[in-house]
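Enquirer: Here it is: the structure, laid out below.
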Amino acid sequence: MKILIKNGKLVTAAEEIYADILINSGKIAQISPKINIKAERVIDATGLLVLPGGIDPHVHLQLPTPAGPSSDNFETGSRAALMGGTTTIIDFVTPTRGQSIIEALNQRKAEATSALTDYSFHISPVEWNNYVPKAIAQCIDMGFPSFKIYMAYKNTVGIDDKALYYIMHTVAQNGGTVTAHCELGDDIEVLRDFYASQGMASPKYHMLTRPPRFESIAVKRAIDLADQTECPLYIVHVSTADSMKHIIQAQRSGQPVFAETCPQYLLLDESLYDQSLEKAIKYVISPPLRTETHRMALWNAIASGSIQAIGTDHCPFTLRQKMNGADDFRKIPNGAGGVEHRLALLYTYGVLAGIINLSKLVDIFATQPAKIFGLYPQKGDLQVGSDADIVVWDPNVTSIISAKSHHSNADISIYEGIKVTGMVRHLFKSGYFAIENGKMSTNLPKGNLLTRRTARTTNQYYKRMDNPEADNCGRV
Ligand code: URP
Ligand code: ZN
Ligand code: ZN
């Protein structure tokens, strides 16, 4: 089926151009100033922006926790993603300790078949043992070359520095990338138990037991271990100015270190914990919200290119689930939703606020996540031959975010009441007309499981990883 999008402004990470774009058999078939061809559907995009579909590199759908799984499954979470212009998500395979990584991967594949976006997985080794090296090599061979480790959550999934060293070494030897949740897990456990033992149990103590330096010291440590093992490193949900200082220093020295932050760390601050229990509890996320100074440092790092990607860390819970920890912040499931709002928030508070331009928006929303995680140019760009994952963005509409109208399965939103400009007017997923005039098709085909290539880093950022045989996004 041929679909022609006419008269729109196409935005890529490289440029903004007025052009028509032809979709044929699920792919972008032609881009040109004027296309005069007979198509089954013709969309007039006058006054609208045409963008590549977003890639959210950090979501947790039906994540198991003691308070029950995070409240979006692959169907509801991916539906919310599409409504916000995201056509690909990368979730996680998290085995329990003692479980085979490959078995956990197969289980996760089965859970994810209801997804409506395309999807892939980072693999989370939660321990080091004799089976892990082979499993890492197998995962990379199977097209899952990124490995998420947790330095926090020591009681469940967190690992120590020795395991981290061995995992980084093995991942590096096999051409993969480590992604890291950087917080000092042991120090957090000490503070949590200390505060709780003093009867300080409200949500604010979640924030006070995870101070900024616990993140920045862990970031520095992860960077150092990655340097020793020559392992490409992607640091998830960076939230502090000092973390960024360490990251920028490593990047300047040519070390392959990428940084991600999330809209919550750009837009919300720690004063939100100074509210009634029911209001404050929804902001229990890790890392916690920070101050204005940190938020500004993150925006600056996006504008200057030190932060490459924006993920959402979408991990929603219902108020009932959150209230599991009403009398003890240690029992509140960590996480909040946001997969639906990434584009609108970045467009409103990044582009319209004059901090970033449209090409930078596309870069952090789609192109860099695709490049870093081995999906480019199939995803993340408007190029002839790329998958026709296309957002037609209407910049003329404003709305207020609310749990009453969002598509996630959570009855609360950390963005409740925030005004945004712009909406997904139309969306094509693999050439399929998934959202037409703001309404989702009732008959959407399922998304595809994406296998990925190793994403070696580019000489543009990382001289030390320069490889003359790499293609233009560093892959060999
Ligand atoms: O609070 C959060 N971020 N929950 C999800 C798990 C993680 O740490 O990324
Ligand atoms: Zn995390
Ligand atoms: Zn996360």
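To be explicit about the labels: the chains of the structure tokens are called A, B, and onward in the order shown, and within each one the residues are counted from 1, while ligands get numbers from 1 in the order they are shown.
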Counting only C-alpha atoms and all ligand atoms, what residues are within 10 Å of ligand 1, given as a ChimeraX atom specification?
Expert: /A:58-61,63,65,70,92,148-153,180-183,236-237,262,283-288,312-317,332-337
Enquirer: Please produce a file of the residues just selected, as a tab-separated table (two decimals), in the first residue's frame, where the atoms kept are N, CA and C atoms.
Expert:
```
chain	number	residue	atom	x	y	z
A	58	HIS	N	14.40	3.03	27.37
A	58	HIS	CA	14.37	2.68	28.80
A	58	HIS	C	12.93	2.61	29.29
A	59	VAL	N	12.32	1.43	29.20
A	59	VAL	CA	10.98	1.24	29.76
A	59	VAL	C	10.93	-0.08	30.54
A	60	HIS	N	10.08	-0.11	31.55
A	60	HIS	CA	9.89	-1.33	32.35
A	60	HIS	C	8.41	-1.69	32.34
A	61	LEU	N	7.99	-2.54	31.42
A	61	LEU	CA	6.59	-2.97	31.38
A	61	LEU	C	6.47	-4.25	32.21
A	63	LEU	N	7.03	-4.97	35.16
A	63	LEU	CA	8.23	-5.28	35.96
A	63	LEU	C	7.80	-5.90	37.28
A	65	THR	N	7.56	-6.63	41.06
A	65	THR	CA	8.01	-6.03	42.32
A	65	THR	C	7.17	-6.66	43.45
A	70	SER	N	4.69	-3.66	37.58
A	70	SER	CA	4.39	-2.30	37.12
A	70	SER	C	3.12	-2.37	36.27
A	92	PHE	N	13.55	-4.71	29.29
A	92	PHE	CA	14.64	-5.42	29.96
A	92	PHE	C	14.32	-6.90	30.17
A	148	LYS	N	22.24	-4.30	30.98
A	148	LYS	CA	21.95	-3.30	32.01
A	148	LYS	C	22.37	-3.83	33.37
A	149	ILE	N	23.19	-3.08	34.05
A	149	ILE	CA	23.53	-3.49	35.42
A	149	ILE	C	23.04	-2.44	36.42
A	150	TYR	N	22.73	-2.92	37.61
A	150	TYR	CA	22.26	-2.05	38.69
A	150	TYR	C	23.33	-2.02	39.78
A	151	MET	N	23.78	-0.80	40.11
A	151	MET	CA	24.67	-0.67	41.27
A	151	MET	C	23.84	-0.46	42.54
A	152	ALA	N	22.57	-0.12	42.37
A	152	ALA	CA	21.63	-0.01	43.51
A	152	ALA	C	20.82	-1.29	43.62
A	153	TYR	N	19.81	-1.27	44.47
A	153	TYR	CA	18.92	-2.43	44.67
A	153	TYR	C	19.73	-3.69	45.00
A	180	ALA	N	24.16	1.35	32.69
A	180	ALA	CA	24.30	1.26	34.15
A	180	ALA	C	23.38	2.20	34.90
A	181	HIS	N	22.72	1.63	35.91
A	181	HIS	CA	22.01	2.42	36.93
A	181	HIS	C	23.04	2.68	38.01
A	182	CYS	N	23.48	3.95	38.11
A	182	CYS	CA	24.57	4.30	39.01
A	182	CYS	C	24.06	4.97	40.28
A	183	GLU	N	24.04	4.23	41.35
A	183	GLU	CA	23.82	4.77	42.70
A	183	GLU	C	24.55	3.83	43.64
A	236	VAL	N	22.28	5.34	32.50
A	236	VAL	CA	20.84	5.64	32.42
A	236	VAL	C	20.45	6.70	33.45
A	237	HIS	N	19.35	7.30	33.22
A	237	HIS	CA	18.69	8.29	34.08
A	237	HIS	C	19.65	9.13	34.93
A	262	CYS	N	16.02	11.73	31.76
A	262	CYS	CA	14.59	11.49	31.54
A	262	CYS	C	13.83	12.79	31.81
A	283	TYR	N	6.05	10.34	43.47
A	283	TYR	CA	7.38	10.78	43.00
A	283	TYR	C	8.50	9.89	43.56
A	284	VAL	N	8.14	8.79	44.16
A	284	VAL	CA	9.18	7.86	44.64
A	284	VAL	C	9.72	7.09	43.43
A	285	ILE	N	10.81	7.62	42.92
A	285	ILE	CA	11.49	7.05	41.76
A	285	ILE	C	12.99	7.07	42.08
A	286	SER	N	13.73	6.22	41.39
A	286	SER	CA	15.17	6.19	41.64
A	286	SER	C	15.94	6.39	40.34
A	287	PRO	N	16.89	7.34	40.35
A	287	PRO	CA	17.20	8.29	41.43
A	287	PRO	C	15.99	9.19	41.70
A	288	PRO	N	16.03	9.86	42.87
A	288	PRO	CA	14.90	10.75	43.19
A	288	PRO	C	15.00	12.08	42.45
A	312	THR	N	12.46	7.35	29.11
A	312	THR	CA	11.46	7.78	30.12
A	312	THR	C	11.60	7.01	31.42
A	313	ASP	N	12.25	5.84	31.39
A	313	ASP	CA	12.24	4.96	32.58
A	313	ASP	C	10.79	4.68	32.97
A	314	HIS	N	9.96	4.51	31.96
A	314	HIS	CA	8.51	4.29	32.19
A	314	HIS	C	8.33	3.05	33.06
A	315	CYS	N	7.84	3.24	34.26
A	315	CYS	CA	7.65	2.14	35.21
A	315	CYS	C	6.50	2.53	36.14
A	316	PRO	N	5.27	2.56	35.60
A	316	PRO	CA	4.15	3.12	36.35
A	316	PRO	C	3.61	2.14	37.39
A	317	PHE	N	3.05	2.70	38.43
A	317	PHE	CA	2.31	1.92	39.43
A	317	PHE	C	1.02	2.66	39.74
A	332	ILE	N	7.70	1.26	49.10
A	332	ILE	CA	7.01	1.90	47.97
A	332	ILE	C	7.69	1.41	46.68
A	333	PRO	N	6.93	0.83	45.73
A	333	PRO	CA	7.60	0.43	44.49
A	333	PRO	C	8.16	1.66	43.78
A	334	ASN	N	9.41	1.55	43.34
A	334	ASN	CA	10.07	2.69	42.70
A	334	ASN	C	9.68	2.79	41.24
A	335	GLY	N	9.28	3.96	40.81
A	335	GLY	CA	9.04	4.15	39.39
A	335	GLY	C	7.81	4.99	39.12
A	336	ALA	N	7.75	5.49	37.89
A	336	ALA	CA	6.61	6.31	37.45
A	336	ALA	C	6.49	6.20	35.94
A	337	GLY	N	5.30	6.47	35.44
A	337	GLY	CA	5.06	6.39	33.99
A	337	GLY	C	5.48	7.65	33.27
```
Enquirer: Do you know which residues are at most 8 Å from region 116-120 of chain A counting only C-alpha atoms, after dropping those on the same chain fewer than 5 positions away, and could you put them as an NGL selection string?
Expert: :A and (74-75 or 78-79 or 81-82 or 86-91 or 144 or 429 or 444-451)
Enquirer: Limited to N, CA and C atoms, could you put the picked residues into a file as a compact mmCIF listing (two decimals), in the first residue's frame?
Expert:
```
# COMPACT_ATOMS: atom_id res chain seq x y z
N PHE A 74 2.70 -5.10 28.10
CA PHE A 74 3.27 -4.70 26.81
C PHE A 74 2.22 -4.09 25.88
N GLU A 75 0.97 -4.49 26.06
CA GLU A 75 -0.08 -3.94 25.19
C GLU A 75 -0.41 -2.50 25.60
N SER A 78 2.71 -0.08 25.29
CA SER A 78 3.09 0.27 23.92
C SER A 78 2.02 1.13 23.25
N ARG A 79 0.77 0.94 23.65
CA ARG A 79 -0.31 1.81 23.14
C ARG A 79 -0.05 3.26 23.59
N ALA A 81 2.80 4.47 24.35
CA ALA A 81 3.99 4.92 23.62
C ALA A 81 3.60 5.48 22.25
N LEU A 82 2.79 4.72 21.52
CA LEU A 82 2.38 5.17 20.18
C LEU A 82 1.65 6.51 20.26
N THR A 86 6.13 7.44 20.06
CA THR A 86 7.23 6.47 20.19
C THR A 86 6.82 5.16 19.53
N THR A 87 7.62 4.71 18.57
CA THR A 87 7.26 3.52 17.78
C THR A 87 8.14 2.31 18.13
N THR A 88 9.20 2.54 18.91
CA THR A 88 10.07 1.44 19.34
C THR A 88 10.41 1.62 20.81
N ILE A 89 10.32 0.54 21.57
CA ILE A 89 10.72 0.60 22.97
C ILE A 89 11.79 -0.46 23.24
N ILE A 90 12.67 -0.15 24.17
CA ILE A 90 13.62 -1.18 24.62
C ILE A 90 13.36 -1.42 26.12
N ASP A 91 12.92 -2.63 26.42
CA ASP A 91 12.61 -3.05 27.78
C ASP A 91 13.78 -3.92 28.28
N PHE A 144 21.08 -9.09 20.92
CA PHE A 144 20.77 -8.29 22.12
C PHE A 144 22.11 -7.87 22.75
N LYS A 429 3.27 3.25 11.70
CA LYS A 429 4.17 2.27 12.32
C LYS A 429 4.40 1.17 11.29
N LEU A 444 -4.77 -2.71 15.15
CA LEU A 444 -3.32 -2.57 14.91
C LEU A 444 -2.61 -3.91 14.83
N PRO A 445 -1.72 -4.09 13.86
CA PRO A 445 -0.90 -5.30 13.89
C PRO A 445 0.08 -5.25 15.05
N LYS A 446 0.53 -6.41 15.49
CA LYS A 446 1.49 -6.47 16.60
C LYS A 446 2.85 -5.93 16.13
N GLY A 447 3.63 -5.46 17.11
CA GLY A 447 4.97 -4.97 16.79
C GLY A 447 5.96 -6.12 16.56
N ASN A 448 7.12 -5.76 16.06
CA ASN A 448 8.15 -6.77 15.77
C ASN A 448 9.22 -6.76 16.87
N LEU A 449 9.71 -7.95 17.17
CA LEU A 449 10.88 -8.06 18.04
C LEU A 449 12.10 -7.67 17.21
N LEU A 450 12.85 -6.69 17.69
CA LEU A 450 14.01 -6.21 16.92
C LEU A 450 15.28 -6.82 17.48
N THR A 451 16.05 -7.44 16.62
CA THR A 451 17.40 -7.80 17.02
C THR A 451 18.31 -6.67 16.55
```
Enquirer: Pick out the closest residue to ligand 3 from this set: A:Val257, A:Met200, A:Val339, A:Ile23. Count only C-alpha atoms and all ligand atoms.
Expert: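 So, comparing all the options, the nearest one is A:Val339.
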Enquirer: Could you pull the residues within 12 Å of Asn396 (chain A), counting only C-alpha atoms, minus those fewer than 2 positions along the same chain, as an mmCIF file with all heavy atoms, in the first residue's frame?
Expert:
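File produced: out-v1.cif:
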```
data_model
loop_
_atom_site.group_PDB
_atom_site.id
_atom_site.type_symbol
_atom_site.label_atom_id
_atom_site.label_comp_id
_atom_site.auth_asym_id
_atom_site.auth_seq_id
_atom_site.Cartn_x
_atom_site.Cartn_y
_atom_site.Cartn_z
ATOM 1 N N THR A 46 0.352 20.106 5.700
ATOM 2 C CA THR A 46 0.621 21.549 5.713
ATOM 3 C C THR A 46 0.561 22.066 7.160
ATOM 4 O O THR A 46 -0.390 21.783 7.887
ATOM 5 C CB THR A 46 -0.437 22.296 4.857
ATOM 6 O OG1 THR A 46 -0.423 21.733 3.550
ATOM 7 C CG2 THR A 46 -0.154 23.786 4.803
ATOM 8 N N GLY A 47 1.608 22.784 7.564
ATOM 9 C CA GLY A 47 1.644 23.353 8.916
ATOM 10 C C GLY A 47 2.042 22.356 9.994
ATOM 11 O O GLY A 47 2.073 22.686 11.180
ATOM 12 N N LEU A 48 2.350 21.114 9.578
ATOM 13 C CA LEU A 48 2.692 20.069 10.555
ATOM 14 C C LEU A 48 4.153 19.650 10.396
ATOM 15 O O LEU A 48 4.777 19.895 9.354
ATOM 16 C CB LEU A 48 1.775 18.859 10.354
ATOM 17 C CG LEU A 48 0.255 19.149 10.361
ATOM 18 C CD1 LEU A 48 -0.533 17.873 10.097
ATOM 19 C CD2 LEU A 48 -0.179 19.786 11.676
ATOM 20 N N LEU A 49 4.690 19.013 11.436
ATOM 21 C CA LEU A 49 6.076 18.528 11.399
ATOM 22 C C LEU A 49 6.064 17.019 11.169
ATOM 23 O O LEU A 49 5.243 16.314 11.754
ATOM 24 C CB LEU A 49 6.788 18.823 12.716
ATOM 25 C CG LEU A 49 6.811 20.282 13.178
ATOM 26 C CD1 LEU A 49 7.449 20.388 14.568
ATOM 27 C CD2 LEU A 49 7.585 21.131 12.173
ATOM 28 N N ALA A 344 6.058 15.410 23.742
ATOM 29 C CA ALA A 344 5.352 16.664 24.055
ATOM 30 C C ALA A 344 6.127 17.483 25.086
ATOM 31 O O ALA A 344 6.227 18.706 24.976
ATOM 32 C CB ALA A 344 3.946 16.356 24.568
ATOM 33 N N TYR A 347 9.305 18.825 23.405
ATOM 34 C CA TYR A 347 8.948 19.866 22.434
ATOM 35 C C TYR A 347 8.574 21.155 23.171
ATOM 36 O O TYR A 347 9.068 22.242 22.841
ATOM 37 C CB TYR A 347 7.780 19.379 21.554
ATOM 38 C CG TYR A 347 7.356 20.411 20.548
ATOM 39 C CD1 TYR A 347 8.155 20.704 19.444
ATOM 40 C CD2 TYR A 347 6.171 21.136 20.726
ATOM 41 C CE1 TYR A 347 7.781 21.686 18.536
ATOM 42 C CE2 TYR A 347 5.801 22.114 19.823
ATOM 43 C CZ TYR A 347 6.604 22.382 18.732
ATOM 44 O OH TYR A 347 6.247 23.369 17.843
ATOM 45 N N THR A 348 7.750 21.033 24.201
ATOM 46 C CA THR A 348 7.248 22.227 24.901
ATOM 47 C C THR A 348 8.352 22.902 25.713
ATOM 48 O O THR A 348 8.567 24.115 25.601
ATOM 49 C CB THR A 348 6.097 21.838 25.855
ATOM 50 O OG1 THR A 348 5.128 21.100 25.116
ATOM 51 C CG2 THR A 348 5.452 23.072 26.469
ATOM 52 N N LEU A 352 10.219 24.838 22.420
ATOM 53 C CA LEU A 352 9.496 26.115 22.536
ATOM 54 C C LEU A 352 10.133 27.033 23.576
ATOM 55 O O LEU A 352 10.020 28.248 23.494
ATOM 56 C CB LEU A 352 8.015 25.876 22.863
ATOM 57 C CG LEU A 352 7.224 25.117 21.781
ATOM 58 C CD1 LEU A 352 5.754 25.024 22.173
ATOM 59 C CD2 LEU A 352 7.375 25.751 20.406
ATOM 60 N N TRP A 393 3.398 15.538 13.504
ATOM 61 C CA TRP A 393 3.250 16.255 14.785
ATOM 62 C C TRP A 393 2.544 17.585 14.544
ATOM 63 O O TRP A 393 2.976 18.367 13.698
ATOM 64 C CB TRP A 393 4.645 16.485 15.366
ATOM 65 C CG TRP A 393 4.712 17.169 16.703
ATOM 66 C CD1 TRP A 393 5.166 18.427 16.971
ATOM 67 C CD2 TRP A 393 4.342 16.609 17.967
ATOM 68 N NE1 TRP A 393 5.109 18.680 18.313
ATOM 69 C CE2 TRP A 393 4.604 17.583 18.957
ATOM 70 C CE3 TRP A 393 3.819 15.371 18.359
ATOM 71 C CZ2 TRP A 393 4.358 17.365 20.311
ATOM 72 C CZ3 TRP A 393 3.570 15.157 19.707
ATOM 73 C CH2 TRP A 393 3.842 16.146 20.664
ATOM 74 N N ASP A 394 1.493 17.793 15.276
ATOM 75 C CA ASP A 394 0.748 19.052 15.144
ATOM 76 C C ASP A 394 1.201 19.998 16.258
ATOM 77 O O ASP A 394 0.875 19.788 17.428
ATOM 78 C CB ASP A 394 -0.757 18.755 15.264
ATOM 79 C CG ASP A 394 -1.584 19.999 14.996
ATOM 80 O OD1 ASP A 394 -1.037 21.118 15.081
ATOM 81 O OD2 ASP A 394 -2.789 19.843 14.700
ATOM 82 N N THR A 398 -2.696 22.660 22.246
ATOM 83 C CA THR A 398 -2.197 22.520 23.630
ATOM 84 C C THR A 398 -3.135 21.606 24.416
ATOM 85 O O THR A 398 -4.317 21.477 24.086
ATOM 86 C CB THR A 398 -2.118 23.880 24.369
ATOM 87 O OG1 THR A 398 -3.399 24.459 24.363
ATOM 88 C CG2 THR A 398 -1.105 24.811 23.750
ATOM 89 N N SER A 399 -2.581 20.968 25.435
ATOM 90 C CA SER A 399 -3.402 20.106 26.286
ATOM 91 C C SER A 399 -2.771 20.038 27.674
ATOM 92 O O SER A 399 -1.642 20.495 27.880
ATOM 93 C CB SER A 399 -3.519 18.698 25.687
ATOM 94 O OG SER A 399 -2.245 18.118 25.608
ATOM 95 N N VAL A 420 1.103 21.070 27.928
ATOM 96 C CA VAL A 420 2.029 20.790 26.818
ATOM 97 C C VAL A 420 1.449 21.289 25.508
ATOM 98 O O VAL A 420 0.234 21.355 25.327
ATOM 99 C CB VAL A 420 2.361 19.281 26.680
ATOM 100 C CG1 VAL A 420 3.313 18.830 27.763
ATOM 101 C CG2 VAL A 420 1.110 18.416 26.652
ATOM 102 N N THR A 421 2.365 21.607 24.622
ATOM 103 C CA THR A 421 1.975 22.020 23.274
ATOM 104 C C THR A 421 2.395 20.932 22.301
ATOM 105 O O THR A 421 3.524 20.428 22.386
ATOM 106 C CB THR A 421 2.671 23.348 22.905
ATOM 107 O OG1 THR A 421 2.264 24.331 23.850
ATOM 108 C CG2 THR A 421 2.285 23.802 21.505
ATOM 109 N N GLY A 422 1.504 20.620 21.366
ATOM 110 C CA GLY A 422 1.810 19.631 20.334
ATOM 111 C C GLY A 422 1.127 18.313 20.617
ATOM 112 O O GLY A 422 0.932 17.930 21.776
ATOM 113 N N MET A 423 0.748 17.632 19.535
ATOM 114 C CA MET A 423 0.160 16.290 19.681
ATOM 115 C C MET A 423 0.432 15.470 18.421
ATOM 116 O O MET A 423 0.736 16.020 17.358
ATOM 117 C CB MET A 423 -1.357 16.372 19.888
ATOM 118 C CG MET A 423 -2.104 16.845 18.673
ATOM 119 S SD MET A 423 -3.897 16.663 18.825
ATOM 120 C CE MET A 423 -4.133 14.970 18.343
ATOM 121 N N VAL A 424 0.354 14.159 18.590
ATOM 122 C CA VAL A 424 0.515 13.275 17.435
ATOM 123 C C VAL A 424 -0.776 13.351 16.623
ATOM 124 O O VAL A 424 -1.817 12.850 17.041
ATOM 125 C CB VAL A 424 0.789 11.825 17.904
ATOM 126 C CG1 VAL A 424 0.817 10.882 16.705
ATOM 127 C CG2 VAL A 424 2.095 11.762 18.677
ATOM 128 N N ARG A 425 -0.695 14.015 15.484
ATOM 129 C CA ARG A 425 -1.888 14.120 14.620
ATOM 130 C C ARG A 425 -2.071 12.793 13.855
ATOM 131 O O ARG A 425 -3.142 12.218 13.838
ATOM 132 C CB ARG A 425 -1.681 15.312 13.660
ATOM 133 C CG ARG A 425 -2.686 15.495 12.571
ATOM 134 C CD ARG A 425 -4.062 15.899 13.032
ATOM 135 N NE ARG A 425 -4.089 17.071 13.885
ATOM 136 C CZ ARG A 425 -5.100 17.361 14.722
ATOM 137 N NH1 ARG A 425 -6.134 16.542 14.830
ATOM 138 N NH2 ARG A 425 -5.064 18.446 15.471
#
```
Enquirer: Pick from A:Leu375, A:Ala112, A:Ile235, A:Leu266: nearest to ligand 3, with only C-alpha atoms and all ligand atoms counted?
Expert: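 Looking only at the distances to ligand 3, the closest residue turns out to be A:Ile235.
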Enquirer: According to DSSP computed on the backbone, where in region 223-424 of chain A is there helix (DSSP H, G or I)? Give the residues as a PyMOL selection string.
Expert: chain A and resi 223-229+241-252+263-267+270-273+277-283+292-304+319-325+329-331+342-351+358-372
Enquirer: So which residues touch region 5-21 of chain A within 7 Å, counting only C-alpha atoms, skipping near sequence neighbours fewer than 4 positions away, as a list in words?
Expert: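 The filter keeps Gln30, Ile31, Ser32, Pro33, Lys34, Ile35, Val42, Ile43, Asp44, Ala45, Thr46, Gly47, Leu48, Leu49, Val50, Leu51, Leu358, Ser359, Lys360, Val362, Asp363, Thr367, Asp381 and Leu382 of chain A.
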Enquirer: Restricting the calculation to only C-alpha atoms, which member of A:Gln99, A:Gln173, A:Ser239, A:Gln255 is positioned closest to Thr291 (chain A)?
Expert: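 Closest to Thr291 (chain A), using only C-alpha atoms: A:Ser239.
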